[in-house]
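Containing PDB, C-alpha atoms: entry_29.pdb.
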ATOM      1  CA  MET A   1      -8.265 -12.781   1.651
ATOM      2  CA  ILE A   2      -5.654 -14.205  -0.719
ATOM      3  CA  LYS A   3      -6.667 -13.469  -4.305
ATOM      4  CA  ILE A   4      -5.361 -15.671  -7.105
ATOM      5  CA  LEU A   5      -5.956 -15.357 -10.850
ATOM      6  CA  PHE A   6      -4.901 -18.247 -13.084
ATOM      7  CA  VAL A   7      -4.202 -17.306 -16.697
ATOM      8  CA  CYS A   8      -3.822 -19.251 -19.937
ATOM      9  CA  HIS A   9      -4.337 -18.492 -23.616
ATOM     10  CA  GLY A  10      -8.082 -19.069 -24.003
ATOM     11  CA  ASN A  11      -9.395 -19.571 -20.440
ATOM     12  CA  ILE A  12     -11.236 -22.764 -21.340
ATOM     13  CA  CYS A  13      -8.722 -25.546 -20.510
ATOM     14  CA  ARG A  14      -5.767 -24.976 -18.181
ATOM     15  CA  SER A  15      -6.640 -21.856 -16.196
ATOM     16  CA  PRO A  16     -10.191 -22.912 -15.266
ATOM     17  CA  MET A  17      -8.826 -26.376 -14.432
ATOM     18  CA  ALA A  18      -6.343 -24.753 -12.057
ATOM     19  CA  GLN A  19      -9.101 -22.537 -10.647
ATOM     20  CA  TYR A  20     -11.380 -25.458  -9.797
ATOM     21  CA  VAL A  21      -8.557 -27.709  -8.592
ATOM     22  CA  LEU A  22      -7.316 -25.060  -6.164
ATOM     23  CA  GLN A  23     -10.858 -24.217  -5.038
ATOM     24  CA  ASP A  24     -11.376 -27.908  -4.305
ATOM     25  CA  MET A  25      -8.070 -28.161  -2.405
ATOM     26  CA  VAL A  26      -8.740 -25.169  -0.156
ATOM     27  CA  GLY A  27     -12.348 -26.249   0.297
ATOM     28  CA  LYS A  28     -11.279 -29.645   1.607
ATOM     29  CA  GLN A  29      -9.010 -27.854   4.103
ATOM     30  CA  GLY A  30     -11.872 -25.619   5.262
ATOM     31  CA  LEU A  31     -10.108 -22.507   3.944
ATOM     32  CA  SER A  32     -12.426 -21.413   1.128
ATOM     33  CA  ASP A  33     -13.389 -18.203   2.895
ATOM     34  CA  LEU A  34      -9.724 -17.128   2.908
ATOM     35  CA  PHE A  35      -9.317 -17.324  -0.864
ATOM     36  CA  GLU A  36     -10.719 -15.703  -3.975
ATOM     37  CA  ILE A  37      -9.749 -17.804  -6.992
ATOM     38  CA  ASP A  38     -10.602 -17.018 -10.610
ATOM     39  CA  SER A  39      -9.173 -17.451 -14.096
ATOM     40  CA  ALA A  40      -8.758 -15.473 -17.300
ATOM     41  CA  ALA A  41      -7.308 -15.538 -20.814
ATOM     42  CA  THR A  42      -4.612 -13.573 -22.567
ATOM     43  CA  SER A  43      -6.482 -13.738 -25.890
ATOM     44  CA  TYR A  44      -9.953 -12.805 -27.084
ATOM     45  CA  GLU A  45     -10.464 -16.087 -28.952
ATOM     46  CA  GLU A  46     -12.730 -17.914 -26.504
ATOM     47  CA  ILE A  47     -14.338 -14.998 -24.617
ATOM     48  CA  GLY A  48     -17.785 -16.005 -23.386
ATOM     49  CA  ASN A  49     -17.261 -19.694 -24.105
ATOM     50  CA  GLY A  50     -17.623 -22.341 -21.429
ATOM     51  CA  ILE A  51     -15.006 -24.754 -20.192
ATOM     52  CA  HIS A  52     -13.615 -27.214 -22.737
ATOM     53  CA  HIS A  53     -15.390 -30.565 -22.554
ATOM     54  CA  GLY A  54     -12.067 -32.336 -21.864
ATOM     55  CA  THR A  55     -11.400 -30.186 -18.793
ATOM     56  CA  ARG A  56     -14.989 -30.541 -17.575
ATOM     57  CA  SER A  57     -14.908 -34.299 -18.080
ATOM     58  CA  LYS A  58     -11.563 -34.742 -16.299
ATOM     59  CA  LEU A  59     -12.626 -32.718 -13.265
ATOM     60  CA  ARG A  60     -16.044 -34.356 -12.987
ATOM     61  CA  SER A  61     -14.471 -37.829 -13.172
ATOM     62  CA  LEU A  62     -12.490 -36.898 -10.060
ATOM     63  CA  GLY A  63     -15.455 -35.401  -8.204
ATOM     64  CA  ILE A  64     -14.132 -31.849  -8.472
ATOM     65  CA  PRO A  65     -17.029 -29.392  -8.744
ATOM     66  CA  VAL A  66     -17.113 -27.293 -11.906
ATOM     67  CA  GLY A  67     -19.090 -24.062 -12.040
ATOM     68  CA  ASN A  68     -20.697 -22.219 -14.925
ATOM     69  CA  HIS A  69     -17.454 -20.517 -15.940
ATOM     70  CA  ARG A  70     -17.317 -18.313 -19.023
ATOM     71  CA  ALA A  71     -13.986 -17.303 -20.522
ATOM     72  CA  ARG A  72     -12.903 -13.728 -19.921
ATOM     73  CA  ARG A  73      -9.798 -11.791 -20.831
ATOM     74  CA  MET A  74      -7.333 -10.593 -18.238
ATOM     75  CA  GLU A  75      -7.399  -6.839 -17.678
ATOM     76  CA  ARG A  76      -4.794  -4.322 -16.578
ATOM     77  CA  GLY A  77      -6.754  -3.724 -13.348
ATOM     78  CA  ASP A  78      -6.277  -7.365 -12.345
ATOM     79  CA  TYR A  79      -2.801  -6.424 -11.132
ATOM     80  CA  GLU A  80      -4.319  -4.347  -8.356
ATOM     81  CA  ARG A  81      -7.152  -6.779  -7.631
ATOM     82  CA  TYR A  82      -5.137 -10.010  -7.234
ATOM     83  CA  ASP A  83      -2.188 -11.030  -5.075
ATOM     84  CA  TYR A  84      -1.006 -13.690  -7.545
ATOM     85  CA  LEU A  85      -1.341 -13.664 -11.348
ATOM     86  CA  ILE A  86      -0.334 -17.155 -12.408
ATOM     87  CA  GLY A  87       0.270 -18.191 -16.005
ATOM     88  CA  MET A  88       0.586 -21.721 -17.297
ATOM     89  CA  GLU A  89       3.556 -21.196 -19.627
ATOM     90  CA  LYS A  90       6.186 -18.639 -20.621
ATOM     91  CA  TYR A  91       4.083 -17.493 -23.588
ATOM     92  CA  ASN A  92       1.233 -16.633 -21.183
ATOM     93  CA  ILE A  93       3.636 -14.729 -18.926
ATOM     94  CA  SER A  94       4.852 -12.569 -21.839
ATOM     95  CA  ASN A  95       1.273 -11.793 -22.848
ATOM     96  CA  MET A  96       0.291 -11.074 -19.232
ATOM     97  CA  TYR A  97       3.011  -8.434 -18.954
ATOM     98  CA  ARG A  98       1.871  -6.941 -22.270
ATOM     99  CA  ILE A  99      -1.738  -6.702 -21.001
ATOM    100  CA  LEU A 100      -0.521  -5.216 -17.720
ATOM    101  CA  GLY A 101       1.541  -2.648 -19.602
ATOM    102  CA  MET A 102       4.751  -3.505 -17.786
ATOM    103  CA  ARG A 103       8.045  -5.305 -18.158
ATOM    104  CA  PRO A 104       9.002  -8.132 -15.745
ATOM    105  CA  GLU A 105      11.410  -5.899 -13.841
ATOM    106  CA  GLU A 106       8.529  -3.473 -13.181
ATOM    107  CA  ASP A 107       6.558  -6.151 -11.294
ATOM    108  CA  GLU A 108       7.693  -4.682  -7.990
ATOM    109  CA  GLU A 109       5.083  -6.599  -5.995
ATOM    110  CA  HIS A 110       6.185  -9.897  -7.573
ATOM    111  CA  LYS A 111       2.658 -10.906  -8.503
ATOM    112  CA  VAL A 112       3.279 -12.567 -11.877
ATOM    113  CA  TRP A 113       4.345 -16.224 -11.770
ATOM    114  CA  ARG A 114       4.310 -19.364 -13.851
ATOM    115  CA  LEU A 115       2.445 -22.093 -11.925
ATOM    116  CA  LEU A 116       5.128 -24.766 -12.003
ATOM    117  CA  ASP A 117       7.795 -22.283 -10.918
ATOM    118  CA  PHE A 118       6.501 -22.944  -7.410
ATOM    119  CA  GLY A 119       7.440 -26.627  -7.729
ATOM    120  CA  ARG A 120      10.658 -28.583  -7.790
ATOM    121  CA  ARG A 121      10.730 -28.947 -11.586
ATOM    122  CA  PRO A 122       9.883 -25.550 -13.126
ATOM    123  CA  ARG A 123       8.373 -25.947 -16.575
ATOM    124  CA  ASP A 124       5.443 -25.010 -18.789
ATOM    125  CA  ILE A 125       2.115 -26.792 -18.553
ATOM    126  CA  ALA A 126       1.219 -28.175 -21.972
ATOM    127  CA  ASP A 127      -2.032 -26.968 -23.511
ATOM    128  CA  PRO A 128      -4.420 -29.931 -23.789
ATOM    129  CA  TRP A 129      -6.270 -28.097 -26.566
ATOM    130  CA  TYR A 130      -3.309 -29.139 -28.729
ATOM    131  CA  THR A 131      -2.040 -32.269 -26.963
ATOM    132  CA  GLY A 132      -5.447 -33.787 -26.202
ATOM    133  CA  ASN A 133      -3.940 -35.098 -22.958
ATOM    134  CA  PHE A 134      -6.027 -33.681 -20.113
ATOM    135  CA  ASP A 135      -4.591 -36.262 -17.703
ATOM    136  CA  VAL A 136      -1.038 -34.889 -17.930
ATOM    137  CA  THR A 137      -2.327 -31.324 -17.724
ATOM    138  CA  TYR A 138      -4.308 -32.233 -14.612
ATOM    139  CA  GLU A 139      -1.277 -33.877 -12.972
ATOM    140  CA  ASP A 140       0.872 -30.810 -13.692
ATOM    141  CA  ILE A 141      -1.799 -28.471 -12.346
ATOM    142  CA  VAL A 142      -2.189 -30.500  -9.151
ATOM    143  CA  GLU A 143       1.598 -30.407  -8.683
ATOM    144  CA  GLY A 144       1.621 -26.666  -9.221
ATOM    145  CA  CYS A 145      -1.362 -25.958  -6.959
ATOM    146  CA  GLU A 146       0.100 -28.051  -4.152
ATOM    147  CA  ALA A 147       3.397 -26.184  -4.483
ATOM    148  CA  LEU A 148       1.584 -22.830  -4.598
ATOM    149  CA  LEU A 149      -0.280 -23.638  -1.380
ATOM    150  CA  ALA A 150       2.971 -24.736   0.264
ATOM    151  CA  TYR A 151       4.532 -21.441  -0.804
ATOM    152  CA  ILE A 152       1.614 -19.463   0.603
ATOM    153  CA  PHE A 153       1.402 -21.430   3.858
ATOM    154  CA  GLU A 154       5.087 -22.071   4.523
ATOM    155  CA  GLY A 155       7.535 -20.558   2.112
ATOM    156  CA  ASN A 156       6.429 -16.972   1.780
ATOM    157  CA  GLU A 157       6.648 -14.980   4.989
ATOM    158  CA  GLY A 158       4.410 -12.177   3.684
ATOM    159  CA  SER A 159       1.686 -14.561   2.533
ATOM    160  CA  GLN A 160       1.921 -16.542   5.767
ATOM    161  CA  LYS A 161       1.503 -13.392   7.846
ATOM    162  CA  HIS A 162      -1.442 -12.333   5.658
ATOM    163  CA  LEU A 163      -3.083 -15.748   6.084
ATOM    164  CA  GLU A 164      -2.681 -15.621   9.874
ATOM    165  CA  GLU A 165      -4.247 -12.161   9.967
ATOM    166  CA  GLN A 166      -7.175 -13.431   7.894
ATOM    167  CA  LYS A 167      -7.745 -16.361  10.248
ATOM    168  CA  LYS A 168      -7.960 -13.958  13.217
ATOM    169  CA  SER A 169     -10.604 -11.757  11.610
TER
END
Is it possible to give me this structure as structure tokens?
Amino acid sequence: MIKILFVCHGNICRSPMAQYVLQDMVGKQGLSDLFEIDSAATSYEEIGNGIHHGTRSKLRSLGIPVGNHRARRMERGDYERYDYLIGMEKYNISNMYRILGMRPEEDEEHKVWRLLDFGRRPRDIADPWYTGNFDVTYEDIVEGCEALLAYIFEGNEGSQKHLEEQKKS
């Protein structure tokens, strides 16, 4: 199973959007049983709160199922639990390393990424909590999730081998 944790500041806008977008993508490909996808925050600010109404509204308008998600904070143990820890922006990445108790050069398993670093135009994903633009955030997340899946399926030999082994079992 390929385990992915999406991370943003509060875990109510971007990271749950990425979680549900990717779950929908792999579900439509009949690959849901090969993935565990979740999301978390780097802060304590929204812990226990549900998904932001803008995220929920955007996903529902597109027919993407949204669960009863409650914000949680990333934990140090998530490094061992997940194969990919994916932040939405550089600020998230810095905070993720702080929570993990490591510096970037100590990420020997190369688990920590920024979502759009998988794409052709690496950049941060703007926080719609501040911009109010859930459409642009959604477009960026779709771009990043598509690129992440391409990386897993095609571009990363280790992930490809892992996926093939999972399909056999």
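Reported to one decimal place, the separation of atom CA of Gly67 of chain A from atom CA of Ile2 of chain A is 20.1 Å.
Picture a line from atom CA of Gly10 of chain A to atom CA of Asn95 of chain A; it runs 11.9 Å.
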If we count all atoms listed in the file, what is near His9 of chain A at a cut-off of 12 Å, once residues fewer than 4 positions away on the same chain are taken out, given as a count of residues only?
-> 34
Minimum-distance residue to Gly63 of chain A, chosen among A:Val142, A:Tyr82, A:Glu106, A:Asp24 (using only C-alpha atoms) = A:Asp24
Please expand the PyMOL selection byres ((chain A and resi 19) around 8) into the concrete residues it hits in this file, giving the result as a JSON list (two decimals) with C-alpha atoms, in the coordinates of the input.
[["chain", "number", "residue", "atom", "x", "y", "z"],
["A", 5, "LEU", "CA", -5.96, -15.36, -10.85],
["A", 6, "PHE", "CA", -4.90, -18.25, -13.08],
["A", 15, "SER", "CA", -6.64, -21.86, -16.20],
["A", 16, "PRO", "CA", -10.19, -22.91, -15.27],
["A", 17, "MET", "CA", -8.83, -26.38, -14.43],
["A", 18, "ALA", "CA", -6.34, -24.75, -12.06],
["A", 20, "TYR", "CA", -11.38, -25.46, -9.80],
["A", 21, "VAL", "CA", -8.56, -27.71, -8.59],
["A", 22, "LEU", "CA", -7.32, -25.06, -6.16],
["A", 23, "GLN", "CA", -10.86, -24.22, -5.04],
["A", 37, "ILE", "CA", -9.75, -17.80, -6.99],
["A", 38, "ASP", "CA", -10.60, -17.02, -10.61],
["A", 39, "SER", "CA", -9.17, -17.45, -14.10]]
Which of these, A:Gly132, A:Arg103, A:Arg121, A:Met1, has the shortest distance to Ser32 of chain A once you count all atoms listed in the file?
-> A:Met1
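For the choices A:Val136, A:Ala150, A:Cys145, A:Tyr84, the atom-to-atom distance to Met25 of chain A is smallest for A:Cys145 when using all atoms listed in the file.
For the choices A:Ala147, A:Val66, A:Gln29, A:Asn49, the atom-to-atom distance to Arg114 of chain A is smallest for A:Ala147 when using all atoms listed in the file.
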Distance atom CA of Leu31 of chain A-atom CA of His53 of chain A, one decimal place?
-> 28.2 Å
List the neighbours of Leu116 of chain A out to 6 Å using all atoms listed in the file; skip same-chain residues closer than 6 positions along the sequence, and give me the result as a PyMOL selection string.
-> chain A and resi 122-123+144
Which residue, A:Asp83, A:Ile12, A:Val26, A:Gly54, has the smallest gap to Asn68 of chain A when you use only C-alpha atoms?
->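 Among the listed residues, the smallest separation from Asn68 of chain A belongs to A:Ile12.
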Nearest to His69 of chain A: which of A:Thr131, A:Lys3, A:His52, A:Leu85 is it, counting all atoms listed in the file?
-> A:His52
As JSON, please report the centre and edge lengths, rounded to one decimal in Å, of the axis-aligned box that holds all listed atoms of segment 48-57 of chain A with 6 Å of padding on each of the six sides.
{"center_x": -14.6, "center_y": -25.2, "center_z": -20.8, "size_x": 18.4, "size_y": 30.3, "size_z": 18.5}
